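Asks: One structure coming up, written as structure tokens, with questions to follow.
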Amino acid sequence: MCLTISINRLLSENEIIDGHKTYKVESKPVDASRSQYKHVYYWVARDVPVVLHAEMYDGNGILVRELHASTLKKASGIWGARHVEMRSVEEKTRTLLTIDEAKFNQHLDEKLFMPESLENAPVVKH
């Protein structure tokens, strides 16, 4: 597993996306060689802890991907987007994710999240 540590900087506090005031945050990797992005801009809603929009820039500073999240709902006390679109600028493609139902804090055994357990994770069938 590769974990990229970032340096974050607040750029603005007054942009509005889908009716939500947002914090615009710039995130840059500490070690650029471990990330496909030179920097990412995030617009985080000020009233709920959700990323509403993000822009990902490559090593040359060119916009390569955009994320837009909408239809915010709260489940089990946790806010999240129920409609997410990821758009690839160069390929002119997009991926849409619609979440019909979300469940959180379902009393999972913490041992399931140990590295050894993750390697042999059980398949859950619905």
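Labeling convention for the structure tokens: chains A, B, ... as they appear, residues from 1 per chain, ligands from 1 in order of appearance.
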Region 104-110 of chain A: which residues within 9 Å, counting only C-alpha atoms, same-chain residues fewer than 4 positions away excluded, as a list in words?
Replies: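 In the requested form, the answer reads Ala75, Ser76, Gly77, Ile78 and Met114 of chain A.
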Asks: Could you give me the residues within region 11-119 of chain A that DSSP places in helix (DSSP H, G or I), as a list in words?
Replies: Ala32, Ser33, Arg34, Glu110, Lys111, Leu112, Phe113, Pro115, Glu116, Ser117, Leu118 and Glu119 of chain A
Asks: Quick one: residues within 12 Å of Lys73 (chain A), only C-alpha atoms counted, chain neighbours fewer than 6 positions away excluded, as a ChimeraX atom specification?
Replies: /A:48-50,79-83,99-103
Asks: Output N, CA, C and O atoms for every residue in the selection just made, as an mmCIF file, in the first residue's frame.
Replies:
```
data_model
loop_
_atom_site.group_PDB
_atom_site.id
_atom_site.type_symbol
_atom_site.label_atom_id
_atom_site.label_comp_id
_atom_site.auth_asym_id
_atom_site.auth_seq_id
_atom_site.Cartn_x
_atom_site.Cartn_y
_atom_site.Cartn_z
ATOM 1 N N VAL A 48 -21.132 21.014 5.907
ATOM 2 C CA VAL A 48 -21.052 19.559 6.095
ATOM 3 C C VAL A 48 -19.664 19.104 5.650
ATOM 4 O O VAL A 48 -19.106 19.653 4.713
ATOM 5 N N PRO A 49 -19.073 18.119 6.309
ATOM 6 C CA PRO A 49 -17.699 17.707 5.976
ATOM 7 C C PRO A 49 -17.634 16.801 4.741
ATOM 8 O O PRO A 49 -17.399 15.599 4.834
ATOM 9 N N VAL A 50 -17.877 17.393 3.559
ATOM 10 C CA VAL A 50 -17.888 16.631 2.314
ATOM 11 C C VAL A 50 -17.132 17.407 1.241
ATOM 12 O O VAL A 50 -17.325 18.622 1.102
ATOM 13 N N TRP A 79 -22.142 12.338 7.018
ATOM 14 C CA TRP A 79 -22.521 12.946 5.752
ATOM 15 C C TRP A 79 -21.744 12.332 4.604
ATOM 16 O O TRP A 79 -20.587 11.961 4.746
ATOM 17 N N GLY A 80 -22.377 12.262 3.433
ATOM 18 C CA GLY A 80 -21.687 11.787 2.249
ATOM 19 C C GLY A 80 -22.470 12.136 1.003
ATOM 20 O O GLY A 80 -23.667 12.422 1.054
ATOM 21 N N ALA A 81 -21.792 12.122 -0.123
ATOM 22 C CA ALA A 81 -22.428 12.371 -1.414
ATOM 23 C C ALA A 81 -23.024 11.072 -1.918
ATOM 24 O O ALA A 81 -22.451 10.001 -1.739
ATOM 25 N N ARG A 82 -24.175 11.163 -2.545
ATOM 26 C CA ARG A 82 -24.824 9.981 -3.101
ATOM 27 C C ARG A 82 -24.730 9.945 -4.618
ATOM 28 O O ARG A 82 -25.127 8.995 -5.261
ATOM 29 N N HIS A 83 -24.175 11.008 -5.184
ATOM 30 C CA HIS A 83 -23.937 11.067 -6.631
ATOM 31 C C HIS A 83 -22.539 11.656 -6.836
ATOM 32 O O HIS A 83 -22.267 12.769 -6.389
ATOM 33 N N ILE A 99 -24.990 6.179 -5.226
ATOM 34 C CA ILE A 99 -25.101 5.367 -4.010
ATOM 35 C C ILE A 99 -26.547 5.428 -3.547
ATOM 36 O O ILE A 99 -27.040 6.494 -3.166
ATOM 37 N N ASP A 100 -27.224 4.304 -3.619
ATOM 38 C CA ASP A 100 -28.631 4.250 -3.224
ATOM 39 C C ASP A 100 -28.801 4.137 -1.716
ATOM 40 O O ASP A 100 -29.754 4.660 -1.157
ATOM 41 N N GLU A 101 -27.874 3.442 -1.067
ATOM 42 C CA GLU A 101 -27.976 3.229 0.373
ATOM 43 C C GLU A 101 -26.575 3.135 0.966
ATOM 44 O O GLU A 101 -25.683 2.551 0.361
ATOM 45 N N ALA A 102 -26.398 3.725 2.133
ATOM 46 C CA ALA A 102 -25.109 3.650 2.825
ATOM 47 C C ALA A 102 -25.362 3.267 4.276
ATOM 48 O O ALA A 102 -26.273 3.785 4.913
ATOM 49 N N LYS A 103 -24.544 2.344 4.773
ATOM 50 C CA LYS A 103 -24.624 1.940 6.181
ATOM 51 C C LYS A 103 -23.237 2.099 6.780
ATOM 52 O O LYS A 103 -22.246 1.701 6.186
#
```
Asks: Please compute the CA of Ala45 (chain A)-CA of Tyr23 (chain A) distance, one decimal, in Å.
Replies: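 It comes out at 6.5 Å.
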Asks: Would you list the contacts of region 61-69 of chain A as a PyMOL selection string, taking every protein, DNA or RNA residue within 9 Å and counting only C-alpha atoms, but skipping same-chain residues closer than 3 positions in sequence?
Replies: chain A and resi 37-39+50-58+72+80-91
Asks: Can you pull out every residue within 10 Å of region 5-10 of chain A, counting only C-alpha atoms, but drop anything in the same chain fewer than 4 positions away, and send it as number ranges by chain?
Replies: A: 23-32, 34-35, 39-42
Asks: Could you tell me how far CA of Asp18 (chain A) lies from CA of Thr71 (chain A), in Å and to one decimal?
Replies: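 Here the two named atoms are 9.7 Å from each other.
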Asks: Among region 3-118 of chain A, which ones does DSSP assign to strand (DSSP E) (computed from the backbone)? Answer as a count of residues only.
Replies: 66
Asks: Just how far from CA of Glu13 (chain A) is CA of Thr95 (chain A), in Å to one decimal?
Replies: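 Going from CA of Thr95 (chain A) over to CA of Glu13 (chain A), I get 28.5 Å.
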